[in-house]
Amino acid sequence: MTSPHHRGDRIVDLDVVRAIALIGVCVMNYHGYLQLRGAPKDAGFWGRVFDPAVGPLTTRFAATFVMVAGMGVSLLTQRSRETNDRTRRSTDRWTLLRRGVLLLSFGFFLDWVWPGTILFFYGAFFLAAAALFPLRSRWLLAVGAGAAVAGAALQWWALDRTTLGHATQWLFTGQAETHRSPRELLFDIVVRGTHPLFPWLAFLCIGMAIGRLLPFDARMRVRLALAGCICVATGYLLEHVLPWHEHLRSTHPFDRGLLFTLTATGTALTAISLIGWVAERTAQSPITHALAVTGRTTLSIYVLHVLVFNLFVDWLEWVSPNGLRTALLFALAFWAGAIVVANVWALRFAHGPLEWVYRRFGG
């Protein structure tokens with residue numbers, strides 16, 4: 001008999017983590033996009049915490065989301081890896097490739113109305129996963145570490161070249177949907193934008209590695225939480241003591257330094273462990289059930305949060321670009337409605353509308 005938090009080939013804990021991570025993504029997105037439309041920056045403590053550019057929560061929810069995606073890849077490919085069945089392995093690879101192409105293509109066009117959308121990069125993560133999933137865990141971690149080092153090395157190179165008076169804009173600025181250039185598209189995916197493979201591939205690889213340990217027992221949860229706390233503490237300590245240039249020892253996401261990757265990894269590991277533990281302990285709770293159902297429709301809800309923002313802010317102008325309080329109320333009101341809609345939808349349909357398309361195309 002399976003445990004209450006394990007249903008077939010799904011780990012309900014991950015659905016809850018995914019739902020809560022997307023709540024954070026919506027909060028940070030709404031706050032950041034309202035600022036882009038003229039909302040003032042809050043100077044107080046909470047303004048610094050929720051700062052969408054350099055605050056301690058910036059992209060941490062997205063990093064958790066990517067790590068959970070890696071864990072999902074391991075669940076999807078578990079049978080082909082364990083049996084070493086070439087036919088199943090080929091089927092899994094094509095599933096990941098189709099899903100990656102769909103998300104990459106859809107995200108490319110969504111970026112026109114929601115610049116910086118993670119879906120564009122999410123598709124690239126699945127394309128990478130199609131090649132990486134047969135690797136042993138130690139090699140996955142090595143690839144992830146290499147991506148983190150590559151991202152930091154590129155930033156170091158750019159800083160050095162800029163100091164010497166050379167231009168680096170050709171590598172770090174521009175968007176493919178504007179220039180319609182294959183080179184620009186490749187640079188967007190790999191080295192620039194909001195979630196490039198260097199260093200974000202690290203979160204996917206770590207997720208794929210720890211996903212092979214599912215379902216977690218209590219001892220494993222403690223180890224992951226402890227490792228996460230150590231990563232966060234070490235990263236912020238080194239930020240203050242290393243004698244490097246401020247950009248090289250930065251924990252800010254757009255500096256893409258090693259300390260950013262380290263602290264974001266620690267945050268994600270801690271969140272996955274603790275939220276998963278609470279979900280397991282409260283598996284029969286209506287709240288946990290509602291969050292798990294919502295977590296299975298995150299693709300639809302993510303796109304819906306884009307449409308709702310544009311409807312209420314840009315088209316109807318019912319929400320004005322004000323400060324943090326407006327962003328929080330707007331995001332939480334959206335999520336309260338999204339949870340209700342997702343659970344009502346689930347009474348009649350097995351998948352969300354975009355999840356249905358995703359599965360029909362991707363398998």
# chains A, B, ... in the order shown; residues from 1 in each chain; ligands from 1

call {"tool": "residues_around", "arguments": {"residues": "Leu140 (chain A)", "least_positions_apart": "5", "cutoff": "7 Å", "atoms": "only C-alpha atoms", "output": "PyMOL selection string"}}
result
chain A and resi 135+205+209

call {"tool": "residues_around", "arguments": {"residues": "Phe65 (chain A)", "least_positions_apart": "5", "cutoff": "12 Å", "atoms": "only C-alpha atoms", "output": "number ranges by chain"}}
result
A: 14-25, 59-60, 70-72, 118-119, 122, 125, 195, 200, 203-204, 207, 264-265, 267-269, 271-272, 295, 298-299, 302

call {"tool": "residues_around", "arguments": {"residues": "Ala142 (chain A)", "least_positions_apart": "3", "cutoff": "12 Å", "atoms": "only C-alpha atoms", "output": "mmCIF file with C-alpha atoms, in the first residue's frame"}}
result
data_model
loop_
_atom_site.group_PDB
_atom_site.id
_atom_site.type_symbol
_atom_site.label_atom_id
_atom_site.label_comp_id
_atom_site.auth_asym_id
_atom_site.auth_seq_id
_atom_site.Cartn_x
_atom_site.Cartn_y
_atom_site.Cartn_z
ATOM 1 C CA LEU A 132 20.912 14.320 -19.507
ATOM 2 C CA LEU A 135 23.443 10.006 -16.747
ATOM 3 C CA ARG A 136 24.349 8.792 -13.284
ATOM 4 C CA SER A 137 23.611 11.159 -10.439
ATOM 5 C CA ARG A 138 27.242 12.134 -9.926
ATOM 6 C CA TRP A 139 27.511 13.175 -13.557
ATOM 7 C CA ALA A 145 28.320 22.457 -11.233
ATOM 8 C CA GLY A 146 29.807 23.114 -14.663
ATOM 9 C CA ALA A 147 26.806 25.264 -15.621
ATOM 10 C CA ALA A 148 27.171 27.277 -12.407
ATOM 11 C CA VAL A 149 30.901 27.788 -12.980
ATOM 12 C CA LEU A 201 20.832 24.286 -15.501
ATOM 13 C CA ALA A 202 22.357 23.604 -12.070
ATOM 14 C CA PHE A 203 18.920 23.694 -10.413
ATOM 15 C CA CYS A 205 20.400 18.812 -12.550
ATOM 16 C CA ILE A 206 20.218 18.899 -8.754
ATOM 17 C CA ALA A 209 19.593 13.852 -8.891
#

call {"tool": "select_by_dssp", "arguments": {"residues": "region 23-121 of chain A", "states": "alpha helix (DSSP H)", "output": "ChimeraX atom specification"}}
result
/A:23-36,45-49,60-76,78-83,86-110,118-121

call {"tool": "closest_residue", "arguments": {"among": "A:Leu304, A:Leu36, A:Ala43, A:Leu127", "to": "Gly352 (chain A)", "atoms": "only C-alpha atoms"}}
result
A:Leu304

call {"tool": "closest_atom_pairs", "arguments": {"of": "region 229-298 of chain A", "to": "region 328-340 of chain A", "cutoff": "12 Å", "atoms": "only C-alpha atoms", "output": "Markdown table"}}
result
| residue | atom | partner | partner_atom | distance |
| --- | --- | --- | --- | --- |
| A:Pro286 | CA | A:Ile339 | CA | 11.9 |
| A:Ile287 | CA | A:Ile339 | CA | 10.0 |
| A:Thr288 | CA | A:Ile339 | CA | 11.3 |
| A:His289 | CA | A:Ile339 | CA | 10.6 |
| A:Ala290 | CA | A:Ile339 | CA | 6.8 |
| A:Leu291 | CA | A:Ile339 | CA | 7.1 |
| A:Ala292 | CA | A:Ile339 | CA | 9.7 |
| A:Val293 | CA | A:Ile339 | CA | 8.2 |
| A:Thr294 | CA | A:Ile339 | CA | 5.7 |
| A:Gly295 | CA | A:Ile339 | CA | 9.1 |
| A:Arg296 | CA | A:Ile339 | CA | 10.9 |
| A:Thr297 | CA | A:Ile339 | CA | 9.6 |
| A:Thr298 | CA | A:Ala338 | CA | 9.7 |

call {"tool": "write_last_selection", "arguments": {"atoms": "C-alpha atoms", "output": "mmCIF file, in the first residue's frame"}}
result
data_model
loop_
_atom_site.group_PDB
_atom_site.id
_atom_site.type_symbol
_atom_site.label_atom_id
_atom_site.label_comp_id
_atom_site.auth_asym_id
_atom_site.auth_seq_id
_atom_site.Cartn_x
_atom_site.Cartn_y
_atom_site.Cartn_z
ATOM 1 C CA PRO A 286 -8.518 19.917 2.766
ATOM 2 C CA ILE A 287 -5.956 22.722 2.447
ATOM 3 C CA THR A 288 -3.192 20.308 1.438
ATOM 4 C CA HIS A 289 -5.536 18.604 -1.015
ATOM 5 C CA ALA A 290 -6.539 21.936 -2.539
ATOM 6 C CA LEU A 291 -2.904 22.982 -2.930
ATOM 7 C CA ALA A 292 -1.974 19.618 -4.468
ATOM 8 C CA VAL A 293 -4.752 19.939 -7.041
ATOM 9 C CA THR A 294 -3.627 23.482 -7.797
ATOM 10 C CA GLY A 295 -0.037 22.301 -8.155
ATOM 11 C CA ARG A 296 -1.129 19.984 -10.965
ATOM 12 C CA THR A 297 -2.437 22.921 -13.004
ATOM 13 C CA THR A 298 0.483 25.328 -12.622
#

call {"tool": "closest_atom_pairs", "arguments": {"of": "region 47-140 of chain A", "to": "region 188-192 of chain A", "cutoff": "9 Å", "atoms": "only C-alpha atoms", "output": "Markdown table"}}
result
| residue | atom | partner | partner_atom | distance |
| --- | --- | --- | --- | --- |
| A:Phe120 | CA | A:Ile189 | CA | 8.1 |
| A:Phe121 | CA | A:Ile189 | CA | 6.3 |
| A:Ala124 | CA | A:Ile189 | CA | 6.9 |

call {"tool": "residues_around", "arguments": {"residues": "Phe45 (chain A)", "least_positions_apart": "5", "cutoff": "12 Å", "atoms": "only C-alpha atoms", "output": "list in words"}}
result
Phe50, Asp51, Gly55, Pro56 and Leu324 of chain A

call {"tool": "write_last_selection", "arguments": {"atoms": "N, CA and C atoms", "output": "CSV table (one decimal), in the first residue's frame"}}
result
chain,number,residue,atom,x,y,z
A,50,PHE,N,11.2,42.1,-0.5
A,50,PHE,CA,10.5,41.7,-1.8
A,50,PHE,C,11.0,42.5,-3.0
A,51,ASP,N,12.2,43.1,-2.9
A,51,ASP,CA,12.8,43.8,-4.0
A,51,ASP,C,12.9,42.8,-5.2
A,55,GLY,N,16.5,41.6,-4.0
A,55,GLY,CA,16.0,41.2,-2.7
A,55,GLY,C,16.4,39.7,-2.5
A,56,PRO,N,16.3,39.2,-1.3
A,56,PRO,CA,16.7,37.8,-1.0
A,56,PRO,C,15.7,36.8,-1.5
A,324,LEU,N,4.3,48.0,-2.7
A,324,LEU,CA,4.3,46.6,-2.3
A,324,LEU,C,3.0,46.1,-1.9
